[in-house]
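Source file: run-v4.txt; contents: compact mmCIF, C-alpha atoms.
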# COMPACT_ATOMS: atom_id res chain seq x y z
CA MET Q 1 0.00 0.00 0.00
CA THR Q 2 1.27 3.47 -0.91
CA ALA Q 3 2.22 5.74 1.98
CA ALA Q 4 0.20 8.94 2.07
CA ARG Q 5 2.17 12.17 1.69
CA PHE Q 6 0.61 15.46 0.68
CA ASP Q 7 2.83 17.13 -1.94
CA ASP Q 8 2.66 20.92 -2.12
CA LEU Q 9 4.52 20.97 -5.41
CA ILE Q 10 2.01 18.72 -7.18
CA HIS Q 11 -1.21 20.03 -5.58
CA PRO Q 12 -1.75 23.40 -7.34
CA PRO Q 13 -4.49 22.85 -9.98
CA THR Q 14 -2.38 23.36 -13.10
CA ARG Q 15 0.46 21.13 -11.97
CA LEU Q 16 -2.02 18.55 -10.65
CA ALA Q 17 -3.64 18.42 -14.11
CA ILE Q 18 -0.26 18.03 -15.83
CA VAL Q 19 1.00 15.34 -13.46
CA SER Q 20 -2.33 13.46 -13.68
CA LEU Q 21 -2.06 13.35 -17.48
CA LEU Q 22 1.53 12.17 -17.23
CA ALA Q 23 0.65 9.54 -14.61
CA ALA Q 24 -1.64 7.81 -17.11
CA SER Q 25 1.01 7.97 -19.83
CA GLN Q 26 4.35 6.36 -20.61
CA TRP Q 27 5.08 9.74 -22.13
CA ALA Q 28 2.97 12.59 -23.44
CA ASP Q 29 3.53 15.09 -26.22
CA PHE Q 30 4.01 18.74 -25.24
CA LYS Q 31 1.16 19.84 -27.52
CA PHE Q 32 -1.18 17.20 -26.08
CA ILE Q 33 -0.50 18.40 -22.54
CA ARG Q 34 -0.80 22.05 -23.58
CA ASP Q 35 -4.12 21.56 -25.36
CA SER Q 36 -5.55 19.25 -22.69
CA VAL Q 37 -4.77 21.60 -19.83
CA GLY Q 38 -5.40 24.78 -21.84
CA LEU Q 39 -2.09 26.53 -21.29
CA SER Q 40 0.12 28.66 -23.47
CA ASP Q 41 3.50 27.24 -24.59
CA SER Q 42 5.36 29.45 -22.15
CA ALA Q 43 3.07 28.70 -19.20
CA LEU Q 44 3.42 24.96 -19.77
CA SER Q 45 7.19 25.25 -20.19
CA LYS Q 46 7.36 27.05 -16.87
CA GLN Q 47 5.32 24.41 -15.08
CA LEU Q 48 7.30 21.57 -16.63
CA ALA Q 49 10.56 23.30 -15.67
CA THR Q 50 9.38 23.46 -12.05
CA LEU Q 51 8.52 19.76 -12.09
CA GLU Q 52 11.77 18.94 -13.85
CA GLN Q 53 13.73 20.87 -11.23
CA ALA Q 54 12.11 18.71 -8.55
CA ARG Q 55 13.14 15.66 -10.60
CA TYR Q 56 9.49 14.68 -10.99
CA VAL Q 57 9.46 15.03 -14.76
CA GLU Q 58 11.85 14.20 -17.57
CA ILE Q 59 11.69 16.26 -20.76
CA ARG Q 60 12.69 14.63 -24.01
CA LYS Q 61 13.41 16.65 -27.12
CA GLY Q 62 13.67 14.96 -30.48
CA PHE Q 63 12.64 15.09 -34.11
CA VAL Q 64 9.90 13.36 -36.05
CA GLY Q 65 11.16 13.75 -39.59
CA LYS Q 66 12.29 17.35 -39.65
CA ARG Q 67 9.81 18.55 -37.05
CA PRO Q 68 11.04 19.15 -33.51
CA ARG Q 69 9.01 17.30 -30.94
CA THR Q 70 9.02 17.67 -27.18
CA SER Q 71 7.55 15.10 -24.86
CA ALA Q 72 7.47 14.61 -21.12
CA ARG Q 73 7.17 11.73 -18.74
CA LEU Q 74 7.02 11.23 -15.00
CA THR Q 75 10.24 9.97 -13.44
CA PRO Q 76 9.97 7.09 -10.92
CA ALA Q 77 10.36 9.71 -8.16
CA GLY Q 78 7.57 11.79 -9.71
CA ARG Q 79 5.30 8.77 -9.99
CA THR Q 80 5.91 7.84 -6.36
CA ALA Q 81 5.24 11.42 -5.23
CA PHE Q 82 2.02 11.48 -7.26
CA GLU Q 83 0.81 8.15 -5.84
CA GLN Q 84 1.59 9.33 -2.30
CA HIS Q 85 -0.24 12.59 -2.97
CA VAL Q 86 -3.29 10.72 -4.25
CA ALA Q 87 -3.21 8.49 -1.16
CA ALA Q 88 -3.07 11.62 1.04
CA LEU Q 89 -6.09 13.11 -0.76
CA GLN Q 90 -8.01 9.85 -0.41
CA ASP Q 91 -7.18 9.72 3.29
CA MET Q 92 -8.47 13.27 3.77
CA VAL Q 93 -11.71 12.43 2.03
CA ALA Q 94 -12.09 9.11 3.85
CA ARG Q 95 -11.45 10.73 7.21
CA ALA Q 96 -14.18 13.25 6.52
CA GLY Q 97 -16.53 10.42 5.59
CA VAL Q 98 -17.08 11.78 2.11
CA LYS Q 99 -17.78 9.09 -0.44
CA ILE Q 100 -16.27 9.76 -3.86
CA ALA Q 101 -18.69 8.20 -6.27
CA PRO Q 102 -17.12 6.60 -9.36
CA GLN Q 103 -17.83 8.54 -12.57
CA MET W 1 -16.09 23.74 10.08
CA ASP W 2 -12.52 24.55 9.11
CA GLU W 3 -12.02 21.07 7.69
CA GLU W 4 -14.87 21.29 5.19
CA PRO W 5 -13.25 23.40 2.47
CA TYR W 6 -10.07 21.39 2.85
CA THR W 7 -11.93 18.11 2.39
CA GLY W 8 -13.90 19.58 -0.47
CA ASP W 9 -10.64 20.65 -2.07
CA ALA W 10 -9.27 17.09 -1.73
CA ALA W 11 -12.42 15.62 -3.27
CA ARG W 12 -12.23 18.11 -6.14
CA ALA W 13 -8.55 17.29 -6.65
CA LEU W 14 -9.34 13.56 -6.85
CA ALA W 15 -12.10 14.25 -9.37
CA GLU W 16 -9.65 16.33 -11.44
CA ILE W 17 -7.05 13.54 -11.31
CA ARG W 18 -9.59 10.97 -12.55
CA SER W 19 -10.85 13.28 -15.26
CA ARG W 20 -7.35 14.04 -16.60
CA GLN W 21 -6.45 10.37 -16.66
CA GLN W 22 -9.68 9.62 -18.50
CA GLN W 23 -8.57 12.11 -21.18
CA VAL W 24 -5.45 10.02 -21.82
CA ILE W 25 -7.44 6.76 -21.85
CA ASP W 26 -10.07 8.13 -24.26
CA GLN W 27 -7.54 9.45 -26.79
CA ALA W 28 -6.06 5.95 -27.00
CA THR W 29 -9.27 4.16 -27.96
CA VAL W 30 -9.09 2.14 -31.18
CA PRO W 31 -11.83 3.44 -33.54
CA GLY W 32 -14.76 1.20 -34.48
CA TRP W 33 -13.92 1.19 -38.20
CA TYR W 34 -10.60 -0.55 -37.45
CA TRP W 35 -12.29 -3.82 -36.45
CA TRP W 36 -14.40 -3.89 -39.61
CA ALA W 37 -11.31 -3.15 -41.71
CA VAL W 38 -9.45 -6.09 -40.15
CA GLY W 39 -12.51 -8.29 -40.68
CA ALA W 40 -12.67 -7.28 -44.37
CA LEU W 41 -8.96 -7.97 -44.80
CA MET W 42 -9.43 -11.45 -43.29
CA VAL W 43 -12.04 -12.12 -45.98
CA VAL W 44 -9.70 -10.87 -48.73
CA LEU W 45 -6.98 -13.23 -47.51
CA ALA W 46 -9.42 -16.14 -47.30
CA VAL W 47 -10.64 -15.55 -50.88
CA GLY W 48 -7.02 -15.87 -52.01
CA VAL W 49 -6.65 -19.10 -50.06
CA ASP W 50 -9.91 -20.57 -51.42
CA ILE W 51 -9.18 -19.74 -55.07
CA ARG W 52 -5.80 -21.47 -54.64
CA THR W 53 -4.14 -20.04 -57.72
CA PRO W 54 -0.68 -18.46 -57.29
CA ALA W 55 -2.02 -15.20 -58.71
CA ALA W 56 -4.90 -15.06 -56.22
CA VAL W 57 -2.65 -15.84 -53.25
CA GLY W 58 -0.02 -13.44 -54.61
CA ALA W 59 -2.61 -10.65 -54.73
CA ALA W 60 -4.41 -11.43 -51.47
CA VAL W 61 -1.35 -11.66 -49.20
CA PRO W 62 0.11 -8.21 -50.03
CA VAL W 63 -3.35 -6.61 -49.81
CA PHE W 64 -3.81 -8.20 -46.37
CA VAL W 65 -0.36 -7.24 -45.06
CA VAL W 66 -0.30 -3.69 -46.43
CA GLY W 67 -3.94 -3.14 -45.46
CA LEU W 68 -3.38 -4.39 -41.91
CA LEU W 69 -0.25 -2.30 -41.42
CA SER W 70 -1.92 0.81 -42.86
CA ALA W 71 -5.10 0.42 -40.81
CA THR W 72 -3.12 -0.22 -37.62
CA GLY W 73 -0.87 2.75 -38.37
CA VAL W 74 -3.83 5.10 -38.83
CA ALA W 75 -5.67 3.70 -35.79
CA VAL W 76 -2.77 4.14 -33.35
CA ARG W 77 -1.31 7.28 -34.92
CA GLY W 78 -3.12 9.46 -32.39
CA GLN W 79 -1.49 7.64 -29.49
CA PHE W 80 2.00 8.10 -30.83
CA ARG W 81 1.38 11.76 -31.57
CA GLN W 82 -0.27 12.56 -28.27
CA ALA W 83 0.29 10.29 -25.34
CA ARG W 84 1.12 6.66 -24.91
CA LEU W 85 -0.87 4.83 -22.25
CA HIS W 86 0.94 3.66 -19.17
CA ASN W 87 1.17 -0.14 -18.98
CA ALA W 88 -0.10 -0.24 -15.40
CA LEU W 89 -3.56 0.87 -16.55
CA LEU W 90 -4.01 -2.38 -18.44
CA ASP W 91 -3.53 -5.08 -15.83
CA GLY W 92 -3.76 -8.87 -16.18
CA ARG W 93 -7.51 -8.65 -16.78
CA GLY W 94 -6.95 -6.42 -19.79
CA VAL W 95 -4.32 -8.72 -21.26
CA ALA W 96 -6.61 -11.72 -20.64
CA ALA W 97 -9.49 -9.90 -22.38
CA ILE W 98 -7.34 -9.19 -25.47
CA LEU W 99 -5.95 -12.75 -25.65
CA GLY W 100 -9.41 -14.22 -25.04
CA PHE W 101 -10.90 -12.12 -27.83
CA VAL W 102 -8.21 -13.13 -30.32
CA ALA W 103 -8.43 -16.80 -29.30
CA LEU W 104 -12.22 -16.74 -29.66
CA ILE W 105 -12.08 -15.22 -33.17
CA VAL W 106 -9.32 -17.56 -34.38
CA ALA W 107 -10.84 -20.71 -32.85
CA GLY W 108 -14.33 -19.84 -34.07
CA THR W 109 -13.16 -19.06 -37.60
CA LEU W 110 -11.09 -22.25 -37.85
CA ALA W 111 -13.91 -24.38 -36.44
CA ILE W 112 -16.38 -22.99 -38.98
CA ALA W 113 -13.89 -23.39 -41.84
CA PHE W 114 -13.17 -27.05 -41.00
CA ALA W 115 -16.86 -27.81 -40.51
CA LEU W 116 -17.76 -26.28 -43.88
CA ARG W 117 -14.92 -28.13 -45.57
CA ALA W 118 -16.03 -31.41 -44.04
CA GLU W 119 -19.50 -30.78 -45.48
CA GLY W 120 -17.96 -30.22 -48.92
CA ILE W 121 -19.16 -26.62 -49.13
CA HIS W 122 -17.28 -24.39 -51.58
CA TYR W 123 -15.15 -21.48 -50.29
CA PRO W 124 -15.05 -22.66 -46.65
CA ALA W 125 -12.25 -20.27 -45.64
CA THR W 126 -14.03 -17.27 -47.18
CA LEU W 127 -17.33 -18.07 -45.49
CA ALA W 128 -15.61 -18.76 -42.16
CA CYS W 129 -13.63 -15.53 -42.36
CA LEU W 130 -16.81 -13.67 -43.26
CA ALA W 131 -18.30 -14.91 -39.97
CA GLY W 132 -15.02 -14.17 -38.17
CA GLY W 133 -14.87 -10.70 -39.71
CA ILE W 134 -18.41 -9.89 -38.61
CA ALA W 135 -17.55 -11.15 -35.11
CA MET W 136 -14.45 -8.94 -35.21
CA GLY W 137 -16.44 -5.87 -36.29
CA LEU W 138 -19.11 -6.40 -33.65
CA GLY W 139 -16.80 -7.66 -30.90
CA GLY W 140 -13.96 -5.14 -31.30
CA PRO W 141 -15.91 -2.21 -29.84
CA VAL W 142 -17.11 -4.49 -27.01
CA LEU W 143 -13.47 -5.37 -26.28
CA MET W 144 -12.55 -1.67 -26.30
CA ARG W 145 -15.37 -0.86 -23.87
CA THR W 146 -14.16 -3.66 -21.59
CA LEU W 147 -10.56 -2.41 -21.73
CA ARG W 148 -11.70 1.16 -21.11
CA ARG W 149 -13.68 0.06 -18.05
CA ILE W 150 -10.62 -1.81 -16.70
CA MET W 151 -8.34 1.18 -17.32
CA LEU W 152 -10.76 3.62 -15.71
CA GLY W 153 -10.89 1.34 -12.68
CA ASN W 154 -7.09 1.33 -12.50
CA ARG W 155 -6.76 5.12 -12.62
CA ALA W 156 -5.05 6.81 -9.74
CA GLY W 157 -7.65 8.35 -7.46
CA SER W 158 -10.25 5.67 -8.15
CA PRO W 159 -12.37 4.74 -5.12
CA ARG W 160 -10.60 2.19 -2.91
Let me see the structure of the file written as structure tokens.
Amino acid sequence: MTAARFDDLIHPPTRLAIVSLLAASQWADFKFIRDSVGLSDSALSKQLATLEQARYVEIRKGFVGKRPRTSARLTPAGRTAFEQHVAALQDMVARAGVKIAPQ
Amino acid sequence: MDEEPYTGDAARALAEIRSRQQQVIDQATVPGWYWWAVGALMVVLAVGVDIRTPAAVGAAVPVFVVGLLSATGVAVRGQFRQARLHNALLDGRGVAAILGFVALIVAGTLAIAFALRAEGIHYPATLACLAGGIAMGLGGPVLMRTLRRIMLGNRAGSPR
């Protein structure tokens, strides 16, 4: 069972959305993340840089044909931090007796 | 009273986590037309086998191979351009569902083909693959719905 640990770096809404997308992915394209979360290029770059600095995210730059392509993935440390954060959120909700109904 | 907004915030965060992960799962769904395309290609290959002339086999095999590669390429192109699903979402149940589906189609098609051949009916492989192709077209979306349900259940933040 994953230990619960609230993570202040992950919790802000924009970063939570980015990390949640990455948690379901082996890797995700920069444009996919940008369009899914609704950020500008620069805003997403800034958020990814913050996560990269914490060693939660790895950025990969490459080419598909002649087109540059940037993708991101969660590092093992980032995945662990995310899972612990989710466990912390679930604990909070469970302690308050709030049932989260499946969608 | 102080705890309420905090708890509400946690519940909202969990809902956001599930919703974002669903976005990744939904963009990876194989479209319905793919299963019908594979079914049609099976029939093309079977026609080549049933006619049994080198020209028929020589035409059917490349059509099948190129068609299958093209259809698969188009169907999964979105995934490779956007986001590739994490393996953990598809657990043993998902793998079992995929293998079971393939085994069912192959076994069913072969059984029908051999039965038709034993009865002396012409074009047994074509007729069997026609049945297999229809099963593929109808069953593929059912398989995808099953896999989607499994993956949604394996999302982080799902009720425990």
Exercise. Looking at all atoms listed in the file, which of W:Met42, W:Ala56, W:Ala28, W:Ala97 is the one that sits closest to Arg81 of chain W?
Worked result: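 Counting all atoms listed in the file, the residue closest to Arg81 of chain W is W:Ala28.
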Exercise. Can you list, as a list in words, every protein, DNA or RNA residue that comes within 12 Å of Val102 of chain W when you count only C-alpha atoms, leaving out same-chain residues fewer than 3 positions away?
Worked result: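 Once the adjacent positions are removed, what remains is Trp35, Val95, Ala96, Ala97, Ile98, Leu99, Ile105, Val106, Ala107, Gly108, Thr109, Gly132, Gly133, Ala135, Met136, Gly139, Gly140 and Leu143 of chain W.
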For this session: Could you please tell me, as a ChimeraX atom specification, which residues of chain W have an atom within 12 Å of chain Q when using only C-alpha atoms?
Result: /W:1-28,78-90,149,151-160
Exercise. Nearest to Gly58 of chain W among W:Leu45, W:Ala131, W:Ala111, W:Ala37, with distances taken over all atoms listed in the file: which residue is it?
Worked result: W:Leu45
Exercise. Mind pulling up the distance from atom CA of Gly48 of chain W to atom CA of Pro141 of chain W?
Worked result: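 Taking atom CA of Pro141 of chain W and atom CA of Gly48 of chain W, their separation equals 27.5 Å.
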For this session: Grab the atom CA of Pro54 of chain W to atom CA of Trp36 of chain W distance for me, in Å with one decimal place.
Result: 26.7 Å
Exercise. What gap, in Å, lies between atom CA of Gln84 of chain Q and atom CA of Thr29 of chain W?
Worked result: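 We find that atom CA of Gln84 of chain Q and atom CA of Thr29 of chain W lie 28.3 Å from each other.
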Mind working out the centre and edge lengths of an axis-aligned box for segment 43-50 of chain W, all listed atoms inside, 4 Å added to each side, rounded to one decimal in Å and written as JSON?
{"center_x": -9.3, "center_y": -15.7, "center_z": -49.0, "size_x": 13.4, "size_y": 17.7, "size_z": 14.0}
For this session: Name the closest residue to Lys46 of chain Q among the candidates Q:Lys61, Q:Arg67, Q:Arg34, Q:Arg79; distances are taken between atoms, counting only C-alpha atoms.
Result: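 So, comparing all the options, the nearest one is Q:Arg34.
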Got a sec: who's within 7 Å of Tyr56 of chain Q, counting all atoms listed in the file, leaving out chain neighbours fewer than 4 positions off, as a PDB file with C-alpha atoms, keeping the file's coordinate frame?
ATOM      1  CA  LEU Q  51       8.520  19.760 -12.090  1.00  0.00           C
ATOM      2  CA  GLU Q  52      11.770  18.940 -13.850  1.00  0.00           C
ATOM      3  CA  LEU Q  74       7.020  11.230 -15.000  1.00  0.00           C
ATOM      4  CA  THR Q  75      10.240   9.970 -13.440  1.00  0.00           C
ATOM      5  CA  ALA Q  77      10.360   9.710  -8.160  1.00  0.00           C
ATOM      6  CA  GLY Q  78       7.570  11.790  -9.710  1.00  0.00           C
TER       7      GLY Q  78
END
For this session: Compute the distance from (-17.4, -19.2, -44.8) to each atom, counting all atoms listed in the file, keep the residues with any atom at most 9 Å away, and return them as a ChimeraX atom specification; use the coordinates of the file.
Result: /W:43,46,109,112-113,116,121-132
